[in-house]
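I have placed the structure first, in the form of structure tokens, so that the comments after it can refer back to it.
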Amino acid sequence: MKVRRSERLIDMTHYLLDHPHELISLTFFAKRYDSAKSSISEDLAIVKKTFNQRGTGILETIPGAAGGVKFIPTITSEETKGYLQELANRLSDQTRLLPGGYVYLSDLLGEPELLRQVGRIIASKYLGQEIDAVMTVATKGVPIAQAVSYYLNVPFVIVRRDSKITEGSTVSVNYVSGSSERIEKMELSKRSLKRGSRVLVVDDFMKGGGTINGMQGLIEEFEAELVGVTVFAEANFKGKRAVTDYTSLLYVEDVDTQTKSISVVPGNYFNELD
Ligand SMILES: O=P(O)(O)OC[C@H]1C[C@H](OP(=O)(O)OP(=O)(O)O)[C@H](O)[C@@H]1O
């Protein structure tokens with residue numbers, strides 16, 4: 001039964017939003033709505049224009065018999081800046097202060113809307129770059145990695161600091177935990193990454209950078225390629241940081257456990273935005 005344009009547009013948009021970075025043929029939509037490809041092409045032109053005007057994302061058109069359309073989620077610089085400022089204000093709350101200059105984030109990292117926004121923001125930062133997997137370390141980095149992997153439509157892999165029989169054989173690296181100058185170990189199942197994989201590293205918090213550095217070491221052990229590093233928040237680390245090339249969404253510029261004061265501002269990503 002032929003489906004009216006208004007109904008096609010609603011369902012088509014829903015389907016595209018639900019399948020980011022997935023190539024969808026015009027034939028698929030033509031069959032789904034029992035409509036001519038020419039009508040579907042007109043529909044997609046409307047969706048593409050609206051997505052572009054609203055900053056929802058890019059609707060890529062891939063020509064040819066094996067072609068189709070691919071929805072690439074994005075977020076505007078303006079929306080990103082506004083959201084990072086809003087998050088900075090939320091974190092500048094003295095009740096979040098933890099010993100050792102850490103900040104309590106677990107409640108935020110459990111909020112579906114925050115994870116959707118953060119996932120979109122980080123995925124948008126790497127627009128146009130080929131990424132095969134998102135890597136993080138258990139535990140608090142996992143929801144961020146899952147959100148980013150959804151918007152990039154790639155798997156995420158979880159590095160662990162403890163050995164688990166259920167991970168099968170693993171590759172492990174030792175690293176200096178920047179916060180405590182301790183030698184720690186992290187490992188990743190050998191099944192997780194193929195050689196040559198292009199890997200985006202994310203985590204919830206960076207202090208000394210030892211954890212991020214450890215994951216970079218694992219990527220080398222897998223003969224994979226590091227695409228970039230983005231952390232949700234970074235501390236104002238006075239020591240020599242193990243990692244220099246990274247992006248942070250938020251920056252804990254000042255914490256004072258004596259006066260119980262904390263000041264959080266947008267991270268270095270803010271300055272990358274136009
Ligand atoms: O930059 P560094 O000095 O290495 O510290 C950043 C680490 C420490 C903390 O993890 P934990 O709270 O220790 O572990 P979990 O995420 O499992 O809570 C955080 O999530 C980063 O992974």
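FYI, nothing fancy with the structure tokens labels: chains A, B, ... in order, residues from 1 per chain, ligands from 1 as they appear.
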
Environment of ligand 1 within 9 Å, counting only C-alpha atoms and all ligand atoms, reported as a PDB file with N, CA, C and O atoms, in the first residue's frame:
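Result went into selection.pdb, see below:
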ATOM      1  N   TYR A 102      40.172  14.328  42.819  1.00  0.00           N
ATOM      2  CA  TYR A 102      39.196  13.703  41.929  1.00  0.00           C
ATOM      3  C   TYR A 102      37.831  14.357  42.120  1.00  0.00           C
ATOM      4  O   TYR A 102      37.590  15.044  43.109  1.00  0.00           O
ATOM      5  N   SER A 106      30.052   9.847  38.857  1.00  0.00           N
ATOM      6  CA  SER A 106      29.252   8.645  38.554  1.00  0.00           C
ATOM      7  C   SER A 106      27.774   8.942  38.303  1.00  0.00           C
ATOM      8  O   SER A 106      27.151   8.326  37.440  1.00  0.00           O
ATOM      9  N   THR A 136      38.181   2.163  25.899  1.00  0.00           N
ATOM     10  CA  THR A 136      38.189   2.812  27.197  1.00  0.00           C
ATOM     11  C   THR A 136      38.638   1.809  28.241  1.00  0.00           C
ATOM     12  O   THR A 136      38.872   0.633  27.921  1.00  0.00           O
ATOM     13  N   VAL A 137      38.763   2.283  29.496  1.00  0.00           N
ATOM     14  CA  VAL A 137      39.161   1.386  30.574  1.00  0.00           C
ATOM     15  C   VAL A 137      38.007   1.284  31.551  1.00  0.00           C
ATOM     16  O   VAL A 137      37.295   2.268  31.785  1.00  0.00           O
ATOM     17  N   ALA A 138      37.766   0.083  32.047  1.00  0.00           N
ATOM     18  CA  ALA A 138      36.682  -0.075  33.027  1.00  0.00           C
ATOM     19  C   ALA A 138      37.026   0.805  34.220  1.00  0.00           C
ATOM     20  O   ALA A 138      38.193   0.966  34.561  1.00  0.00           O
ATOM     21  N   THR A 139      36.114   1.486  34.869  1.00  0.00           N
ATOM     22  CA  THR A 139      34.679   1.221  34.755  1.00  0.00           C
ATOM     23  C   THR A 139      33.954   2.462  34.228  1.00  0.00           C
ATOM     24  O   THR A 139      33.113   2.406  33.358  1.00  0.00           O
ATOM     25  N   LYS A 140      34.357   3.618  34.743  1.00  0.00           N
ATOM     26  CA  LYS A 140      33.550   4.839  34.493  1.00  0.00           C
ATOM     27  C   LYS A 140      33.664   5.340  33.063  1.00  0.00           C
ATOM     28  O   LYS A 140      32.848   6.130  32.609  1.00  0.00           O
ATOM     29  N   GLY A 141      34.673   4.854  32.335  1.00  0.00           N
ATOM     30  CA  GLY A 141      34.780   5.258  30.928  1.00  0.00           C
ATOM     31  C   GLY A 141      33.790   4.515  30.052  1.00  0.00           C
ATOM     32  O   GLY A 141      33.484   4.953  28.934  1.00  0.00           O
ATOM     33  N   VAL A 142      33.241   3.405  30.550  1.00  0.00           N
ATOM     34  CA  VAL A 142      32.414   2.536  29.700  1.00  0.00           C
ATOM     35  C   VAL A 142      31.153   3.226  29.153  1.00  0.00           C
ATOM     36  O   VAL A 142      30.900   3.175  27.945  1.00  0.00           O
ATOM     37  N   ARG A 160      40.837  -3.664  30.943  1.00  0.00           N
ATOM     38  CA  ARG A 160      40.586  -3.944  32.356  1.00  0.00           C
ATOM     39  C   ARG A 160      41.873  -3.853  33.148  1.00  0.00           C
ATOM     40  O   ARG A 160      42.957  -4.098  32.627  1.00  0.00           O
ATOM     41  N   ARG A 161      41.725  -3.484  34.407  1.00  0.00           N
ATOM     42  CA  ARG A 161      42.876  -3.439  35.302  1.00  0.00           C
ATOM     43  C   ARG A 161      42.987  -4.734  36.096  1.00  0.00           C
ATOM     44  O   ARG A 161      43.923  -4.922  36.861  1.00  0.00           O
ATOM     45  N   TYR A 175      51.909   0.269  33.352  1.00  0.00           N
ATOM     46  CA  TYR A 175      51.963   1.711  33.153  1.00  0.00           C
ATOM     47  C   TYR A 175      52.098   2.384  34.502  1.00  0.00           C
ATOM     48  O   TYR A 175      51.789   1.793  35.542  1.00  0.00           O
ATOM     49  N   VAL A 176      52.590   3.600  34.490  1.00  0.00           N
ATOM     50  CA  VAL A 176      52.766   4.350  35.744  1.00  0.00           C
ATOM     51  C   VAL A 176      51.486   5.129  35.971  1.00  0.00           C
ATOM     52  O   VAL A 176      51.080   5.939  35.139  1.00  0.00           O
ATOM     53  N   SER A 177      50.835   4.838  37.106  1.00  0.00           N
ATOM     54  CA  SER A 177      49.622   5.578  37.406  1.00  0.00           C
ATOM     55  C   SER A 177      50.050   6.969  37.859  1.00  0.00           C
ATOM     56  O   SER A 177      50.592   7.142  38.946  1.00  0.00           O
ATOM     57  N   GLY A 178      49.828   7.946  36.989  1.00  0.00           N
ATOM     58  CA  GLY A 178      50.342   9.295  37.223  1.00  0.00           C
ATOM     59  C   GLY A 178      49.912   9.865  38.552  1.00  0.00           C
ATOM     60  O   GLY A 178      50.605  10.649  39.150  1.00  0.00           O
ATOM     61  N   SER A 179      48.721   9.390  38.998  1.00  0.00           N
ATOM     62  CA  SER A 179      48.224  10.007  40.233  1.00  0.00           C
ATOM     63  C   SER A 179      49.012   9.506  41.429  1.00  0.00           C
ATOM     64  O   SER A 179      49.157  10.170  42.413  1.00  0.00           O
ATOM     65  N   SER A 180      49.492   8.275  41.338  1.00  0.00           N
ATOM     66  CA  SER A 180      50.132   7.716  42.558  1.00  0.00           C
ATOM     67  C   SER A 180      51.522   7.183  42.263  1.00  0.00           C
ATOM     68  O   SER A 180      52.105   6.519  43.085  1.00  0.00           O
ATOM     69  N   GLU A 181      52.054   7.435  41.052  1.00  0.00           N
ATOM     70  CA  GLU A 181      53.403   6.958  40.705  1.00  0.00           C
ATOM     71  C   GLU A 181      53.549   5.450  40.956  1.00  0.00           C
ATOM     72  O   GLU A 181      54.624   4.983  41.295  1.00  0.00           O
ATOM     73  N   ASP A 203      37.857   8.380  27.920  1.00  0.00           N
ATOM     74  CA  ASP A 203      37.755   8.031  29.336  1.00  0.00           C
ATOM     75  C   ASP A 203      36.995   9.139  30.047  1.00  0.00           C
ATOM     76  O   ASP A 203      36.763  10.216  29.490  1.00  0.00           O
ATOM     77  N   ASP A 204      36.625   8.858  31.285  1.00  0.00           N
ATOM     78  CA  ASP A 204      35.813   9.855  31.987  1.00  0.00           C
ATOM     79  C   ASP A 204      36.680  10.969  32.557  1.00  0.00           C
ATOM     80  O   ASP A 204      36.308  12.139  32.579  1.00  0.00           O
ATOM     81  N   PHE A 205      37.892  10.603  33.049  1.00  0.00           N
ATOM     82  CA  PHE A 205      38.689  11.590  33.782  1.00  0.00           C
ATOM     83  C   PHE A 205      40.171  11.339  33.541  1.00  0.00           C
ATOM     84  O   PHE A 205      40.606  10.194  33.465  1.00  0.00           O
ATOM     85  N   MET A 206      40.917  12.430  33.388  1.00  0.00           N
ATOM     86  CA  MET A 206      42.371  12.291  33.263  1.00  0.00           C
ATOM     87  C   MET A 206      43.045  13.174  34.306  1.00  0.00           C
ATOM     88  O   MET A 206      42.732  14.350  34.447  1.00  0.00           O
ATOM     89  N   LYS A 207      43.978  12.526  35.074  1.00  0.00           N
ATOM     90  CA  LYS A 207      44.747  13.313  36.052  1.00  0.00           C
ATOM     91  C   LYS A 207      46.197  13.326  35.576  1.00  0.00           C
ATOM     92  O   LYS A 207      46.572  14.163  34.783  1.00  0.00           O
ATOM     93  N   GLY A 208      46.966  12.307  35.948  1.00  0.00           N
ATOM     94  CA  GLY A 208      48.376  12.250  35.519  1.00  0.00           C
ATOM     95  C   GLY A 208      48.527  11.759  34.088  1.00  0.00           C
ATOM     96  O   GLY A 208      49.563  11.949  33.462  1.00  0.00           O
ATOM     97  N   GLY A 209      47.465  11.155  33.537  1.00  0.00           N
ATOM     98  CA  GLY A 209      47.540  10.676  32.156  1.00  0.00           C
ATOM     99  C   GLY A 209      48.101   9.267  32.026  1.00  0.00           C
ATOM    100  O   GLY A 209      48.200   8.732  30.918  1.00  0.00           O
ATOM    101  N   GLY A 210      48.423   8.656  33.161  1.00  0.00           N
ATOM    102  CA  GLY A 210      49.021   7.312  33.099  1.00  0.00           C
ATOM    103  C   GLY A 210      48.065   6.288  32.478  1.00  0.00           C
ATOM    104  O   GLY A 210      48.474   5.450  31.676  1.00  0.00           O
ATOM    105  N   THR A 211      46.793   6.408  32.810  1.00  0.00           N
ATOM    106  CA  THR A 211      45.804   5.454  32.270  1.00  0.00           C
ATOM    107  C   THR A 211      45.695   5.581  30.757  1.00  0.00           C
ATOM    108  O   THR A 211      45.718   4.593  30.021  1.00  0.00           O
ATOM    109  N   ILE A 212      45.581   6.808  30.290  1.00  0.00           N
ATOM    110  CA  ILE A 212      45.522   7.042  28.834  1.00  0.00           C
ATOM    111  C   ILE A 212      46.806   6.523  28.183  1.00  0.00           C
ATOM    112  O   ILE A 212      46.792   5.843  27.157  1.00  0.00           O
ATOM    113  N   ASN A 213      47.921   6.793  28.833  1.00  0.00           N
ATOM    114  CA  ASN A 213      49.214   6.350  28.295  1.00  0.00           C
ATOM    115  C   ASN A 213      49.281   4.826  28.205  1.00  0.00           C
ATOM    116  O   ASN A 213      49.781   4.255  27.224  1.00  0.00           O
ATOM    117  N   GLY A 214      48.688   4.177  29.219  1.00  0.00           N
ATOM    118  CA  GLY A 214      48.657   2.712  29.202  1.00  0.00           C
ATOM    119  C   GLY A 214      47.850   2.200  28.012  1.00  0.00           C
ATOM    120  O   GLY A 214      48.259   1.273  27.305  1.00  0.00           O
ATOM    121  N   GLU A 234      39.326  16.747  32.634  1.00  0.00           N
ATOM    122  CA  GLU A 234      40.738  16.618  32.997  1.00  0.00           C
ATOM    123  C   GLU A 234      41.011  17.442  34.249  1.00  0.00           C
ATOM    124  O   GLU A 234      40.361  18.477  34.481  1.00  0.00           O
ATOM    125  N   ALA A 235      41.939  16.948  35.061  1.00  0.00           N
ATOM    126  CA  ALA A 235      42.317  17.668  36.276  1.00  0.00           C
ATOM    127  C   ALA A 235      43.414  18.671  35.928  1.00  0.00           C
ATOM    128  O   ALA A 235      44.065  18.581  34.890  1.00  0.00           O
ATOM    129  N   PHE A 237      46.615  19.109  36.536  1.00  0.00           N
ATOM    130  CA  PHE A 237      47.688  18.257  37.065  1.00  0.00           C
ATOM    131  C   PHE A 237      48.989  19.048  37.096  1.00  0.00           C
ATOM    132  O   PHE A 237      49.443  19.539  36.059  1.00  0.00           O
ATOM    133  N   ARG A 241      52.773  15.403  32.863  1.00  0.00           N
ATOM    134  CA  ARG A 241      51.703  14.510  32.393  1.00  0.00           C
ATOM    135  C   ARG A 241      52.257  13.531  31.364  1.00  0.00           C
ATOM    136  O   ARG A 241      53.043  13.916  30.501  1.00  0.00           O
ATOM    137  N   ALA A 242      51.779  12.301  31.474  1.00  0.00           N
ATOM    138  CA  ALA A 242      52.264  11.246  30.564  1.00  0.00           C
ATOM    139  C   ALA A 242      51.701  11.424  29.152  1.00  0.00           C
ATOM    140  O   ALA A 242      52.165  10.816  28.204  1.00  0.00           O
ATOM    141  N   VAL A 243      50.650  12.230  29.026  1.00  0.00           N
ATOM    142  CA  VAL A 243      50.001  12.393  27.708  1.00  0.00           C
ATOM    143  C   VAL A 243      49.939  13.890  27.393  1.00  0.00           C
ATOM    144  O   VAL A 243      49.594  14.695  28.261  1.00  0.00           O
TER     145      VAL A 243
END

Using only C-alpha atoms, tabulate the residues of segment 103-202 of chain A lying at most 10 Å from any atom of segment 62-73 of chain A, each with its closest atom pair and that distance in Å to one decimal, by chain and increasing residue number, as a tab-separated table.
residue	atom	partner	partner_atom	distance
A:Gly119	CA	A:Pro73	CA	9.9
A:Arg120	CA	A:Pro73	CA	6.8
A:Ile121	CA	A:Pro73	CA	9.3
A:Ala123	CA	A:Pro73	CA	7.8
A:Ser124	CA	A:Pro73	CA	7.0
A:Leu127	CA	A:Ile72	CA	8.2
A:Gly128	CA	A:Ile72	CA	9.3
A:Tyr151	CA	A:Pro73	CA	6.6
A:Leu152	CA	A:Ile72	CA	8.1
A:Asn153	CA	A:Ile72	CA	9.7

Using only C-alpha atoms, the shortest atom-to-atom distance to Gly110 of chain A among A:Ile262, A:Leu17, A:Ala147, A:Ile183 belongs to A:Ala147

Need to verify the contact set: Ala133 of chain A, 6 Å, only C-alpha atoms, exclusion of same-chain residues closer than 2 positions in sequence. Can you return it as a PDB file with C-alpha atoms, in the first residue's frame?
ATOM      1  CA  ILE A 131      37.510   4.892  13.230  1.00  0.00           C
ATOM      2  CA  VAL A 154      31.554   1.063  15.652  1.00  0.00           C
ATOM      3  CA  PRO A 155      32.268  -1.389  18.503  1.00  0.00           C
ATOM      4  CA  PHE A 156      33.839  -0.319  21.787  1.00  0.00           C
ATOM      5  CA  VAL A 199      41.195   3.342  17.572  1.00  0.00           C
TER       6      VAL A 199
END

Taking the DSSP assignment computed from this structure's backbone, write out as a VMD selection string all residues of segment 62-244 of chain A that belong to alpha helix (DSSP H). chain A and resid 77 to 91 112 to 125 142 to 152 210 to 221

Who sits within 12 Å of Phe222 of chain A, only C-alpha atoms, same chain under 4 positions skipped, as a PyMOL selection string: chain A and resi 170-173+187-199+215-218+226

If you count only C-alpha atoms, the residue of A:Ser263, A:Gly228, A:Ile165, A:Thr76 closest to Gln53 of chain A turns out to be A:Thr76

So, counting only C-alpha atoms, which residue among A:Asp34, A:Glu113, A:Glu79, A:Asp43 is closest to Met12 of chain A? A:Asp43

Any chance you could list, as a ChimeraX atom specification, the residues in segment 101-258 of chain A that come up strand (DSSP E) when DSSP is run on the backbone? /A:133-137,156-159,170-177,182-189,198-206,225-235,247-256

I'd like to know which of A:Glu272, A:Glu7, A:Asp256, A:Glu60 is closest to Leu23 of chain A, using only C-alpha atoms.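 So, comparing all the options, the nearest one is A:Glu60.
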
Tell me, as a PyMOL selection string, which residues lie within 12 Å of Asp107 of chain A, counting only C-alpha atoms; anything in the same chain fewer than 6 positions away does not count. chain A and resi 90-91+96+114-115+140+143
